[in-house]
file entry18.cif (mmCIF, C-alpha atoms)
data_final
loop_
_atom_site.label_atom_id
_atom_site.label_comp_id
_atom_site.auth_asym_id
_atom_site.auth_seq_id
_atom_site.Cartn_x
_atom_site.Cartn_y
_atom_site.Cartn_z
CA MET A 1496 -0.18 13.89 -32.06
CA ASN A 1497 -0.59 10.19 -32.86
CA LEU A 1498 2.69 8.42 -32.12
CA ASP A 1499 3.32 5.28 -34.16
CA ILE A 1500 5.91 2.84 -32.84
CA LYS A 1501 6.59 1.63 -36.39
CA SER A 1502 7.50 5.10 -37.64
CA VAL A 1503 10.60 5.55 -35.44
CA LYS A 1504 14.08 4.15 -35.86
CA TRP A 1505 15.38 1.62 -33.37
CA LYS A 1506 18.86 0.75 -32.17
CA GLU A 1507 20.42 -1.93 -30.00
CA PHE A 1508 22.07 -0.87 -26.74
CA LEU A 1509 23.83 -2.66 -23.93
CA ILE A 1510 21.97 -2.00 -20.69
CA SER A 1511 25.26 -0.79 -19.20
CA GLU A 1512 25.47 1.94 -21.89
CA ILE A 1513 22.29 3.57 -20.59
CA PHE A 1514 21.95 2.50 -16.97
CA ASP A 1515 23.98 2.31 -13.79
CA ILE A 1516 23.55 -1.16 -12.28
CA THR A 1517 23.74 -1.66 -8.53
CA GLY A 1518 22.43 -3.97 -5.86
CA THR A 1519 19.95 -3.00 -3.15
CA VAL A 1520 20.30 -3.07 0.62
CA THR A 1521 18.87 -6.33 1.95
CA THR A 1522 16.36 -5.95 4.77
CA HIS A 1523 16.40 -9.31 6.55
CA PRO A 1524 12.96 -10.82 7.35
CA SER A 1525 13.82 -10.78 11.07
CA LEU A 1526 14.05 -6.98 10.92
CA LEU A 1527 10.65 -6.39 9.31
CA LYS A 1528 8.19 -4.24 11.28
CA LYS A 1529 4.58 -5.05 10.47
CA GLY A 1530 2.24 -2.30 9.35
CA GLY A 1531 3.44 0.96 7.87
CA THR A 1532 3.58 2.19 4.27
CA THR A 1533 7.02 1.18 2.98
CA PRO A 1534 6.75 -1.37 0.13
CA ARG A 1535 8.96 -4.45 0.30
CA ILE A 1536 10.21 -5.65 -3.09
CA THR A 1537 11.16 -9.31 -3.52
CA CYS A 1538 12.21 -11.71 -6.28
CA ALA A 1539 8.62 -12.81 -6.86
CA ALA A 1540 7.64 -12.66 -10.53
CA THR A 1541 4.17 -11.19 -9.85
CA ASN A 1542 2.66 -7.92 -8.61
CA ASN A 1543 5.72 -5.85 -9.47
CA GLY A 1544 7.74 -7.93 -7.01
CA PHE A 1545 5.67 -6.39 -4.19
CA ASP A 1546 5.31 -8.40 -0.98
CA ASN A 1547 3.67 -6.09 1.59
CA THR A 1548 4.13 -2.76 3.35
CA TYR A 1549 6.11 -2.29 6.56
CA LYS A 1550 7.09 0.37 9.10
CA ASN A 1551 10.77 0.10 8.15
CA ALA A 1552 12.38 3.24 6.74
CA PRO A 1553 13.03 2.93 2.98
CA THR A 1554 16.56 1.99 1.97
CA GLU A 1555 16.02 2.60 -1.77
CA LYS A 1556 14.67 5.55 -3.73
CA GLY A 1557 11.72 5.11 -6.06
CA GLY A 1558 11.72 5.98 -9.76
CA VAL A 1559 13.94 3.00 -10.62
CA ILE A 1560 13.73 -0.37 -12.33
CA THR A 1561 14.37 -3.54 -10.33
CA ILE A 1562 15.50 -6.92 -11.64
CA ASP A 1563 15.31 -10.26 -9.85
CA SER A 1564 18.71 -11.96 -10.02
CA ALA A 1565 17.69 -15.13 -8.15
CA THR A 1566 14.98 -16.79 -10.23
CA VAL A 1567 13.54 -15.88 -13.66
CA GLY A 1568 14.94 -12.38 -14.09
CA TYR A 1569 11.63 -10.59 -13.47
CA VAL A 1570 11.79 -6.90 -14.37
CA SER A 1571 9.55 -4.27 -12.73
CA TYR A 1572 9.25 -0.54 -12.17
CA GLN A 1573 9.21 0.86 -8.62
CA PRO A 1574 7.50 4.25 -8.29
CA TYR A 1575 7.90 4.53 -4.50
CA ASP A 1576 10.80 4.46 -2.05
CA PHE A 1577 11.13 0.84 -0.86
CA ILE A 1578 13.01 -1.88 1.01
CA ALA A 1579 14.16 -5.10 -0.63
CA THR A 1580 15.10 -8.74 -0.15
CA ASP A 1581 18.44 -10.06 -1.34
CA HIS A 1582 18.97 -10.61 -5.09
CA VAL A 1583 16.98 -7.52 -6.06
CA GLU A 1584 19.15 -5.52 -8.46
CA LYS A 1585 18.50 -1.89 -9.35
CA ILE A 1586 19.08 0.06 -12.56
CA THR A 1587 19.00 3.84 -12.85
CA LEU A 1588 19.63 6.21 -15.76
CA LYS A 1589 23.25 7.36 -16.09
CA ASN A 1590 22.12 11.00 -16.29
CA GLN A 1591 20.59 10.60 -12.80
CA LYS A 1592 17.15 11.44 -14.19
CA ILE A 1593 14.30 9.89 -12.20
CA ILE A 1594 12.43 7.33 -14.28
CA ASN A 1595 8.74 8.27 -14.23
CA LYS A 1596 5.99 5.67 -14.52
CA TYR A 1597 5.54 6.18 -18.28
CA LEU A 1598 9.19 5.82 -19.18
CA GLY A 1599 9.43 3.01 -16.65
CA ALA A 1600 6.62 1.09 -18.33
CA PHE A 1601 8.30 1.36 -21.74
CA LEU A 1602 11.74 0.34 -20.47
CA VAL A 1603 10.37 -2.61 -18.47
CA GLY A 1604 8.64 -3.82 -21.64
CA ALA A 1605 11.82 -3.44 -23.71
CA ILE A 1606 13.98 -5.34 -21.21
CA SER A 1607 11.35 -8.04 -20.63
CA SER A 1608 10.96 -8.61 -24.38
CA ALA A 1609 14.72 -8.96 -24.83
CA THR A 1610 15.04 -11.46 -21.98
CA LEU A 1611 11.89 -13.53 -22.47
CA ASN A 1612 12.54 -17.14 -21.34
CA LYS A 1613 16.30 -16.45 -21.33
CA TYR A 1614 17.05 -16.50 -17.60
CA GLY A 1615 16.17 -18.91 -14.80
CA TYR A 1616 17.46 -20.74 -11.75
CA GLY A 1617 20.32 -22.30 -13.73
CA TYR A 1618 21.20 -19.13 -15.62
CA LYS A 1619 20.48 -16.14 -13.42
CA PHE A 1620 20.14 -12.54 -14.54
CA SER A 1621 23.12 -11.37 -12.47
CA GLN A 1622 24.58 -7.86 -12.46
CA THR A 1623 27.28 -9.01 -14.91
CA ARG A 1624 24.70 -10.43 -17.31
CA ILE A 1625 22.44 -7.38 -16.88
CA ALA A 1626 25.34 -5.17 -18.00
CA LYS A 1627 25.94 -7.28 -21.11
CA GLN A 1628 22.27 -7.70 -22.03
CA LYS A 1629 21.24 -5.93 -25.24
CA ILE A 1630 17.88 -4.21 -25.66
CA LEU A 1631 16.17 -2.46 -28.58
CA LEU A 1632 15.05 1.14 -28.07
CA PRO A 1633 13.68 3.95 -30.27
CA VAL A 1634 16.31 6.58 -31.10
CA ASN A 1635 16.29 10.28 -31.95
CA VAL A 1636 18.19 12.04 -34.76
CA LYS A 1637 21.40 11.77 -32.72
CA LYS A 1638 20.85 7.98 -32.53
CA GLU A 1639 20.48 8.24 -28.77
CA PRO A 1640 17.62 6.63 -26.82
CA ASP A 1641 14.54 8.76 -27.47
CA PHE A 1642 13.20 8.87 -23.90
CA GLU A 1643 10.75 11.62 -24.79
CA PHE A 1644 9.13 9.44 -27.46
CA MET A 1645 8.97 6.46 -25.07
CA GLU A 1646 7.27 8.54 -22.37
CA PHE A 1647 4.69 10.11 -24.66
CA PHE A 1648 3.99 6.82 -26.44
CA ILE A 1649 2.99 5.20 -23.13
CA LYS A 1650 0.92 8.26 -22.17
CA GLN A 1651 -0.91 7.92 -25.49
CA LYS A 1652 -1.52 4.20 -24.90
CA GLU A 1653 -2.78 4.93 -21.40
CA GLN A 1654 -5.29 7.43 -22.78
CA GLU A 1655 -6.46 4.95 -25.42
CA LYS A 1656 -6.91 2.23 -22.81
CA PHE A 1657 -8.66 4.61 -20.44
CA GLN A 1658 -11.15 5.51 -23.17
CA GLU A 1659 -11.74 1.81 -23.90
CA TYR A 1660 -12.29 1.27 -20.18
CA GLN A 1661 -14.78 4.15 -19.98
CA ASN A 1662 -16.70 2.79 -22.97
CA TYR A 1663 -16.77 -0.68 -21.40
CA LEU A 1664 -18.16 0.73 -18.13
CA LYS A 1665 -20.91 2.58 -19.98
CA ARG A 1666 -21.90 -0.59 -21.87
CA LYS A 1667 -21.96 -2.65 -18.67
CA LEU A 1668 -24.01 -0.05 -16.81
CA LYS A 1669 -26.54 -0.06 -19.63
CA GLU A 1670 -26.81 -3.88 -19.36
CA LEU A 1671 -27.26 -3.73 -15.58
CA LYS A 1672 -29.68 -0.82 -15.41
CA GLY A 1673 -32.77 -3.03 -15.25
CA TYR A 1674 -31.77 -4.91 -12.08
CA LYS A 1675 -34.41 -5.41 -9.39
CA GLU A 1676 -33.96 -4.00 -5.91
CA VAL A 1677 -33.55 -6.83 -3.39
CA PRO A 1678 -33.38 -6.95 0.41
CA SER A 1679 -30.03 -7.15 2.16
CA ILE A 1680 -28.48 -10.56 2.82
CA ASP A 1681 -29.31 -10.48 6.53
CA LYS A 1682 -33.01 -10.09 5.72
CA LYS A 1683 -33.15 -13.35 3.72
CA GLU A 1684 -33.82 -16.88 4.93
CA TRP A 1685 -30.95 -19.29 4.18
CA ALA A 1686 -30.78 -23.08 3.95
CA GLU A 1687 -28.26 -25.84 3.22
CA PHE A 1688 -28.06 -27.50 -0.20
CA TYR A 1689 -25.82 -30.21 -1.64
CA LEU A 1690 -23.67 -29.05 -4.54
CA LYS A 1691 -25.06 -31.97 -6.56
CA GLU A 1692 -28.54 -30.43 -6.09
CA ILE A 1693 -27.37 -27.07 -7.41
CA PHE A 1694 -25.25 -28.20 -10.37
CA ASN A 1695 -26.32 -30.75 -12.97
CA GLU A 1696 -22.75 -31.20 -14.25
CA ILE A 1697 -19.83 -31.89 -11.92
CA GLN A 1698 -16.80 -33.09 -13.84
CA ARG A 1699 -13.07 -32.93 -13.26
CA GLY A 1700 -10.66 -31.74 -15.95
CA LYS A 1701 -8.12 -33.99 -17.62
CA ARG A 1702 -4.39 -34.33 -17.04
CA LEU A 1703 -2.25 -32.47 -19.57
CA LYS A 1704 1.46 -32.71 -18.86
CA LYS A 1705 3.50 -29.52 -19.28
CA ALA A 1706 5.58 -31.24 -21.95
CA ASP A 1707 2.40 -31.88 -23.98
CA HIS A 1708 1.23 -28.26 -23.99
CA LYS A 1709 0.91 -26.86 -27.51
CA LYS A 1710 1.18 -23.14 -28.22
CA GLY A 1711 -2.20 -21.50 -28.59
CA LYS A 1712 -4.73 -19.00 -27.33
CA ILE A 1713 -7.09 -21.23 -25.34
CA PRO A 1714 -7.01 -20.40 -21.61
CA TYR A 1715 -5.65 -23.27 -19.51
CA VAL A 1716 -7.33 -23.29 -16.09
CA SER A 1717 -5.58 -25.03 -13.22
CA SER A 1718 -5.38 -24.83 -9.43
CA THR A 1719 -3.79 -21.39 -9.06
CA GLY A 1720 -5.69 -18.97 -6.86
CA LEU A 1721 -4.66 -16.07 -9.11
CA ASN A 1722 -5.85 -14.69 -12.46
CA ASN A 1723 -9.22 -16.43 -12.35
CA GLY A 1724 -7.41 -19.77 -12.26
CA VAL A 1725 -5.80 -19.20 -15.68
CA ASP A 1726 -2.34 -20.76 -15.61
CA GLY A 1727 -1.41 -20.14 -19.25
CA TYR A 1728 -2.65 -20.65 -22.80
CA VAL A 1729 -2.59 -23.76 -24.98
CA GLY A 1730 -3.59 -24.92 -28.42
CA ASN A 1731 -4.48 -28.52 -27.53
CA LYS A 1732 -7.84 -29.68 -28.90
CA GLU A 1733 -7.55 -33.48 -28.55
CA LYS A 1734 -7.38 -35.60 -25.41
CA VAL A 1735 -8.38 -32.60 -23.27
CA ARG A 1736 -11.58 -31.48 -21.53
CA VAL A 1737 -12.95 -28.18 -22.77
CA PHE A 1738 -15.59 -26.39 -20.71
CA SER A 1739 -17.26 -22.95 -20.79
CA ASN A 1740 -19.77 -20.79 -18.90
CA CYS A 1741 -19.32 -22.57 -15.58
CA LEU A 1742 -17.54 -22.43 -12.24
CA THR A 1743 -14.19 -24.08 -11.63
CA ILE A 1744 -13.08 -25.21 -8.19
CA ALA A 1745 -9.48 -26.12 -7.41
CA ASN A 1746 -9.05 -29.69 -6.11
CA SER A 1747 -5.42 -29.18 -5.03
CA GLY A 1748 -2.91 -26.35 -4.91
CA SER A 1749 -5.08 -23.36 -3.91
CA VAL A 1750 -7.74 -25.79 -2.73
CA GLY A 1751 -11.25 -24.37 -2.90
CA ALA A 1752 -10.36 -21.43 -5.16
CA CYS A 1753 -13.55 -20.97 -7.16
CA PHE A 1754 -14.01 -18.78 -10.24
CA TYR A 1755 -16.65 -18.08 -12.86
CA GLN A 1756 -15.33 -18.90 -16.36
CA PRO A 1757 -17.31 -17.05 -19.05
CA PHE A 1758 -15.09 -18.29 -21.88
CA GLU A 1759 -14.16 -21.63 -23.41
CA PHE A 1760 -11.12 -23.14 -21.71
CA VAL A 1761 -9.08 -26.30 -21.27
CA ALA A 1762 -9.40 -27.68 -17.73
CA SER A 1763 -6.49 -29.37 -15.98
CA ASP A 1764 -7.04 -32.37 -13.73
CA HIS A 1765 -6.57 -30.05 -10.74
CA VAL A 1766 -9.96 -28.36 -11.22
CA THR A 1767 -13.56 -29.52 -11.38
CA GLN A 1768 -16.29 -27.96 -13.50
CA LEU A 1769 -19.54 -27.01 -11.76
CA LYS A 1770 -22.27 -26.23 -14.29
CA ASN A 1771 -25.97 -25.40 -14.41
CA ASP A 1772 -27.21 -24.25 -17.82
CA ALA A 1773 -29.97 -22.18 -16.21
CA PHE A 1774 -27.54 -19.93 -14.33
CA SER A 1775 -26.61 -16.43 -15.44
CA PRO A 1776 -23.06 -15.09 -14.92
CA TYR A 1777 -24.36 -13.16 -11.89
CA THR A 1778 -25.82 -16.26 -10.23
CA TYR A 1779 -22.52 -18.08 -10.79
CA LYS A 1780 -20.60 -15.20 -9.20
CA PHE A 1781 -22.82 -15.19 -6.11
CA ILE A 1782 -22.44 -18.95 -5.58
CA SER A 1783 -18.68 -18.92 -6.24
CA SER A 1784 -18.19 -16.55 -3.29
CA ILE A 1785 -19.92 -19.12 -1.02
CA ILE A 1786 -18.10 -22.16 -2.41
CA LYS A 1787 -14.67 -20.58 -1.80
CA ARG A 1788 -15.21 -21.01 1.93
CA LEU A 1789 -15.05 -24.79 1.55
CA GLY A 1790 -11.29 -24.55 1.01
CA VAL A 1791 -10.57 -24.34 4.75
CA LYS A 1792 -11.63 -28.00 5.11
CA TYR A 1793 -9.05 -29.28 2.65
CA SER A 1794 -5.29 -29.27 2.14
CA PHE A 1795 -2.53 -30.69 -0.05
CA ASN A 1796 -2.93 -34.04 1.73
CA ARG A 1797 -6.73 -34.01 1.57
CA GLU A 1798 -7.76 -32.90 -1.87
CA MET A 1799 -11.26 -31.93 -2.90
CA ASN A 1800 -12.11 -34.73 -5.36
CA ASP A 1801 -15.40 -35.07 -7.25
CA THR A 1802 -16.85 -37.56 -4.76
CA ARG A 1803 -16.27 -35.16 -1.86
CA ILE A 1804 -17.58 -32.22 -3.89
CA LYS A 1805 -20.89 -34.02 -4.48
CA LYS A 1806 -21.26 -34.57 -0.73
CA GLU A 1807 -20.53 -30.95 0.15
CA LYS A 1808 -23.27 -28.58 1.30
CA ILE A 1809 -23.38 -24.81 1.10
CA MET A 1810 -25.77 -22.21 2.52
CA LEU A 1811 -27.87 -20.25 0.01
CA PRO A 1812 -30.69 -17.69 0.31
CA THR A 1813 -34.12 -19.22 -0.25
CA ASN A 1814 -37.47 -18.18 -1.70
CA LYS A 1815 -40.93 -18.73 -0.16
CA LEU A 1816 -40.86 -22.38 -1.28
CA GLY A 1817 -37.60 -23.04 0.56
CA GLU A 1818 -35.73 -23.44 -2.73
CA PRO A 1819 -32.52 -21.61 -3.70
CA ASP A 1820 -33.55 -18.07 -4.67
CA TYR A 1821 -31.53 -17.74 -7.86
CA GLU A 1822 -33.38 -14.61 -8.94
CA TYR A 1823 -32.36 -12.92 -5.69
CA MET A 1824 -28.72 -13.99 -6.14
CA GLU A 1825 -28.62 -12.63 -9.69
CA ASN A 1826 -30.08 -9.27 -8.76
CA TYR A 1827 -27.94 -8.99 -5.64
CA ILE A 1828 -24.75 -9.25 -7.75
CA LYS A 1829 -26.16 -6.99 -10.48
CA HIS A 1830 -26.83 -4.35 -7.83
CA LEU A 1831 -23.28 -4.62 -6.43
CA GLU A 1832 -21.76 -4.38 -9.92
CA TYR A 1833 -23.96 -1.42 -10.85
CA ILE A 1834 -22.94 0.56 -7.75
CA LYS A 1835 -19.24 -0.25 -8.18
CA LEU A 1836 -19.15 0.48 -11.91
CA LYS A 1837 -20.79 3.86 -11.33
CA GLU A 1838 -18.04 4.64 -8.80
CA TYR A 1839 -15.36 3.60 -11.29
CA LEU A 1840 -16.94 5.66 -14.08
CA ASN A 1841 -16.96 8.78 -11.89
CA PHE A 1842 -13.40 8.22 -10.60
CA LYS A 1843 -10.98 10.90 -11.78
#
call {"tool": "encode", "arguments": {"input": "entry18.cif", "output": "structure tokens"}}
result
Amino acid sequence: MNLDIKSVKWKEFLISEIFDITGTVTTHPSLLKKGGTTPRITCAATNNGFDNTYKNAPTEKGGVITIDSATVGYVSYQPYDFIATDHVEKITLKNQKIINKYLGAFLVGAISSATLNKYGYGYKFSQTRIAKQKILLPVNVKKEPDFEFMEFFIKQKEQEKFQEYQNYLKRKLKELKGYKEVPSIDKKEWAEFYLKEIFNEIQRGKRLKKADHKKGKIPYVSSTGLNNGVDGYVGNKEKVRVFSNCLTIANSGSVGACFYQPFEFVASDHVTQLKNDAFSPYTYKFISSIIKRLGVKYSFNREMNDTRIKKEKIMLPTNKLGEPDYEYMENYIKHLEYIKLKEYLNFK
């Protein structure tokens, strides 16, 4: 059965009509026991609010939705029993039914869509506001939330995405099949090289104030150490620096964070482009893993500017002429990707 989200009727509900809203027990940082398997959920607006795992006994049951009531109102689904920081609110279905991961994914999307950019430090998503918040949900013939439809719709989407993923893996494996076998890293000779010897273009991005960002679909790469350095999307095309097919290295923030950028992007003034037109994506990936280690030499008070970058040296494997062995680097990464992608393809 092919479920179409446009074919069902929708209705607005108060969250308090469907859910019970409660707080969670706060586990103070001083009581945390390192190690263990109990997830700790925080107000962080990334990674499902997950911080780490601890030996503490869970204080909350899984199969619920959590909402951050301290910062931006981040909504996430928690499949496992967990512990929490303060300001983590919890919503459960009034019928006491456990929310499975499929229904959880749909409901998180519905709540997040209804609250997009609505809550923040000055207007927090408190329990009172959660109760009064309206959300749109599909309904059945009784005009009640159609939880069955929501669950099966997400299952269908998961299957579609899984098939796309499988097809992608097969295409990538076909591309990589011709890689050359290379010796292990410890069997290669290595030497030091200046970054300015390796890259023929070293150029910093350009300042673009947040207030000047225009809506668009061009990745905006800055100094975050997450998401390949992508800090958002913009539509700016003038008075910006646009790069592609290169490495970016963070000058400040997550200093030294280095990523391969296969796409065209707008670079902030907190990153520097490192480019060599002769490099393949695989060569870039090999070198980026070496460059990342430079970050330990820098900090917020000692940024990695272009002058310092040009004076930096890194160790690279060499060929018989003592030059960087780019062919080796490319095939080394191709081999790693081939092995990993085969594992992913066979994973059930």
call {"tool": "resolve_selection", "arguments": {"input": "entry18.cif", "expression": "the PyMOL selection byres ((chain A and resi 1821-1827) around 9)", "output": "PyMOL selection string"}}
result
chain A and resi 1674-1680+1774-1782+1811-1814+1818-1820+1828-1832
call {"tool": "resolve_selection", "arguments": {"input": "entry18.cif", "expression": "the PyMOL selection byres ((chain A and resi 1728) around 8)", "output": "JSON, numbers by chain"}}
result
{"A": [1710, 1711, 1712, 1713, 1714, 1715, 1725, 1726, 1727, 1729, 1730]}
call {"tool": "write_last_selection", "arguments": {"input": "entry18.cif", "atoms": "C-alpha atoms", "output": "compact mmCIF listing (two decimals), in the coordinates of the input"}}
result
# COMPACT_ATOMS: atom_id res chain seq x y z
CA LYS A 1710 1.18 -23.14 -28.22
CA GLY A 1711 -2.20 -21.50 -28.59
CA LYS A 1712 -4.73 -19.00 -27.33
CA ILE A 1713 -7.09 -21.23 -25.34
CA PRO A 1714 -7.01 -20.40 -21.61
CA TYR A 1715 -5.65 -23.27 -19.51
CA VAL A 1725 -5.80 -19.20 -15.68
CA ASP A 1726 -2.34 -20.76 -15.61
CA GLY A 1727 -1.41 -20.14 -19.25
CA VAL A 1729 -2.59 -23.76 -24.98
CA GLY A 1730 -3.59 -24.92 -28.42
call {"tool": "residues_around", "arguments": {"input": "entry18.cif", "residues": "Tyr1614 (chain A)", "least_positions_apart": "5", "cutoff": "8 Å", "atoms": "all atoms listed in the file", "output": "VMD selection string"}}
result
chain A and resid 1566 to 1568 1619 to 1620
call {"tool": "residues_around", "arguments": {"input": "entry18.cif", "residues": "Lys1627 (chain A)", "least_positions_apart": "6", "cutoff": "9 Å", "atoms": "only C-alpha atoms", "output": "list in words"}}
result
Leu1509, Ile1510 and Ser1511 of chain A
call {"tool": "closest_residue", "arguments": {"input": "entry18.cif", "among": "A:Gly1599, A:Lys1556, A:Thr1580, A:Asp1563", "to": "His1523 (chain A)", "atoms": "all atoms listed in the file"}}
result
A:Thr1580
call {"tool": "resolve_selection", "arguments": {"input": "entry18.cif", "expression": "the PyMOL selection byres ((chain A and resi 1635) around 12)", "output": "ChimeraX atom specification"}}
result
/A:1502-1506,1632-1634,1636-1645
call {"tool": "atom_distance", "arguments": {"input": "entry18.cif", "atom1": "CA of Lys1650 (chain A)", "atom2": "CA of Asn1497 (chain A)"}}
result
11.0 Å
call {"tool": "residues_near_point", "arguments": {"input": "entry18.cif", "point": "(-23.7, -26.9, 7.0)", "cutoff": "10 Å", "atoms": "only C-alpha atoms", "output": "list in words"}}
result
Ala1686, Glu1687, Phe1688, Tyr1689, Glu1807, Lys1808, Ile1809 and Met1810 of chain A
call {"tool": "atom_distance", "arguments": {"input": "entry18.cif", "atom1": "CA of Phe1577 (chain A)", "atom2": "CA of Phe1514 (chain A)"}}
result
19.5 Å
call {"tool": "closest_residue", "arguments": {"input": "entry18.cif", "among": "A:Tyr1597, A:Phe1508, A:Phe1758, A:Tyr1793", "to": "Phe1647 (chain A)", "atoms": "all atoms listed in the file"}}
result
A:Tyr1597
call {"tool": "atom_distance", "arguments": {"input": "entry18.cif", "atom1": "CA of Val1570 (chain A)", "atom2": "CA of Lys1501 (chain A)"}}
result
24.2 Å
call {"tool": "closest_residue", "arguments": {"input": "entry18.cif", "among": "A:Thr1561, A:Ser1717, A:Asn1841, A:Asn1695", "to": "Ala1539 (chain A)", "atoms": "all atoms listed in the file"}}
result
A:Thr1561
call {"tool": "closest_residue", "arguments": {"input": "entry18.cif", "among": "A:Lys1656, A:Arg1624, A:Arg1666, A:Lys1528", "to": "Tyr1833 (chain A)", "atoms": "all atoms listed in the file"}}
result
A:Arg1666
call {"tool": "decode", "arguments": {"input": "entry18.cif", "residues": "region 1646-1663 of chain A", "atoms": "N, CA and C atoms", "output": "mmCIF file, in the first residue's frame"}}
result
data_model
loop_
_atom_site.group_PDB
_atom_site.id
_atom_site.type_symbol
_atom_site.label_atom_id
_atom_site.label_comp_id
_atom_site.auth_asym_id
_atom_site.auth_seq_id
_atom_site.Cartn_x
_atom_site.Cartn_y
_atom_site.Cartn_z
ATOM 1 N N GLU A 1646 2.385 5.977 11.756
ATOM 2 C CA GLU A 1646 3.394 4.927 11.930
ATOM 3 C C GLU A 1646 3.754 4.274 10.598
ATOM 4 N N PHE A 1647 2.735 3.889 9.831
ATOM 5 C CA PHE A 1647 2.997 3.195 8.577
ATOM 6 C C PHE A 1647 3.557 4.126 7.507
ATOM 7 N N PHE A 1648 3.226 5.406 7.583
ATOM 8 C CA PHE A 1648 3.801 6.364 6.636
ATOM 9 C C PHE A 1648 5.313 6.458 6.825
ATOM 10 N N ILE A 1649 5.759 6.534 8.093
ATOM 11 C CA ILE A 1649 7.200 6.612 8.361
ATOM 12 C C ILE A 1649 7.890 5.296 7.996
ATOM 13 N N LYS A 1650 7.233 4.167 8.242
ATOM 14 C CA LYS A 1650 7.807 2.875 7.835
ATOM 15 C C LYS A 1650 8.017 2.834 6.329
ATOM 16 N N GLN A 1651 7.015 3.360 5.593
ATOM 17 C CA GLN A 1651 7.116 3.400 4.130
ATOM 18 C C GLN A 1651 8.277 4.286 3.695
ATOM 19 N N LYS A 1652 8.408 5.454 4.322
ATOM 20 C CA LYS A 1652 9.503 6.368 3.988
ATOM 21 C C LYS A 1652 10.853 5.737 4.300
ATOM 22 N N GLU A 1653 10.914 5.025 5.414
ATOM 23 C CA GLU A 1653 12.164 4.361 5.793
ATOM 24 C C GLU A 1653 12.569 3.340 4.734
ATOM 25 N N GLN A 1654 11.590 2.573 4.243
ATOM 26 C CA GLN A 1654 11.877 1.580 3.207
ATOM 27 C C GLN A 1654 12.350 2.243 1.922
ATOM 28 N N GLU A 1655 11.703 3.359 1.556
ATOM 29 C CA GLU A 1655 12.108 4.086 0.349
ATOM 30 C C GLU A 1655 13.542 4.586 0.479
ATOM 31 N N LYS A 1656 13.842 5.168 1.639
ATOM 32 C CA LYS A 1656 15.195 5.694 1.865
ATOM 33 C C LYS A 1656 16.229 4.575 1.912
ATOM 34 N N PHE A 1657 15.837 3.443 2.504
ATOM 35 C CA PHE A 1657 16.756 2.316 2.578
ATOM 36 C C PHE A 1657 17.089 1.807 1.172
ATOM 37 N N GLN A 1658 16.079 1.777 0.298
ATOM 38 C CA GLN A 1658 16.325 1.335 -1.067
ATOM 39 C C GLN A 1658 17.236 2.315 -1.805
ATOM 40 N N GLU A 1659 17.001 3.623 -1.591
ATOM 41 C CA GLU A 1659 17.878 4.645 -2.185
ATOM 42 C C GLU A 1659 19.316 4.444 -1.703
ATOM 43 N N TYR A 1660 19.445 4.183 -0.411
ATOM 44 C CA TYR A 1660 20.766 3.964 0.198
ATOM 45 C C TYR A 1660 21.452 2.751 -0.416
ATOM 46 N N GLN A 1661 20.706 1.657 -0.572
ATOM 47 C CA GLN A 1661 21.263 0.449 -1.179
ATOM 48 C C GLN A 1661 21.726 0.720 -2.609
ATOM 49 N N ASN A 1662 20.922 1.436 -3.362
ATOM 50 C CA ASN A 1662 21.283 1.764 -4.750
ATOM 51 C C ASN A 1662 22.537 2.633 -4.808
ATOM 52 N N TYR A 1663 22.627 3.588 -3.863
ATOM 53 C CA TYR A 1663 23.809 4.455 -3.784
ATOM 54 C C TYR A 1663 25.068 3.627 -3.507
#
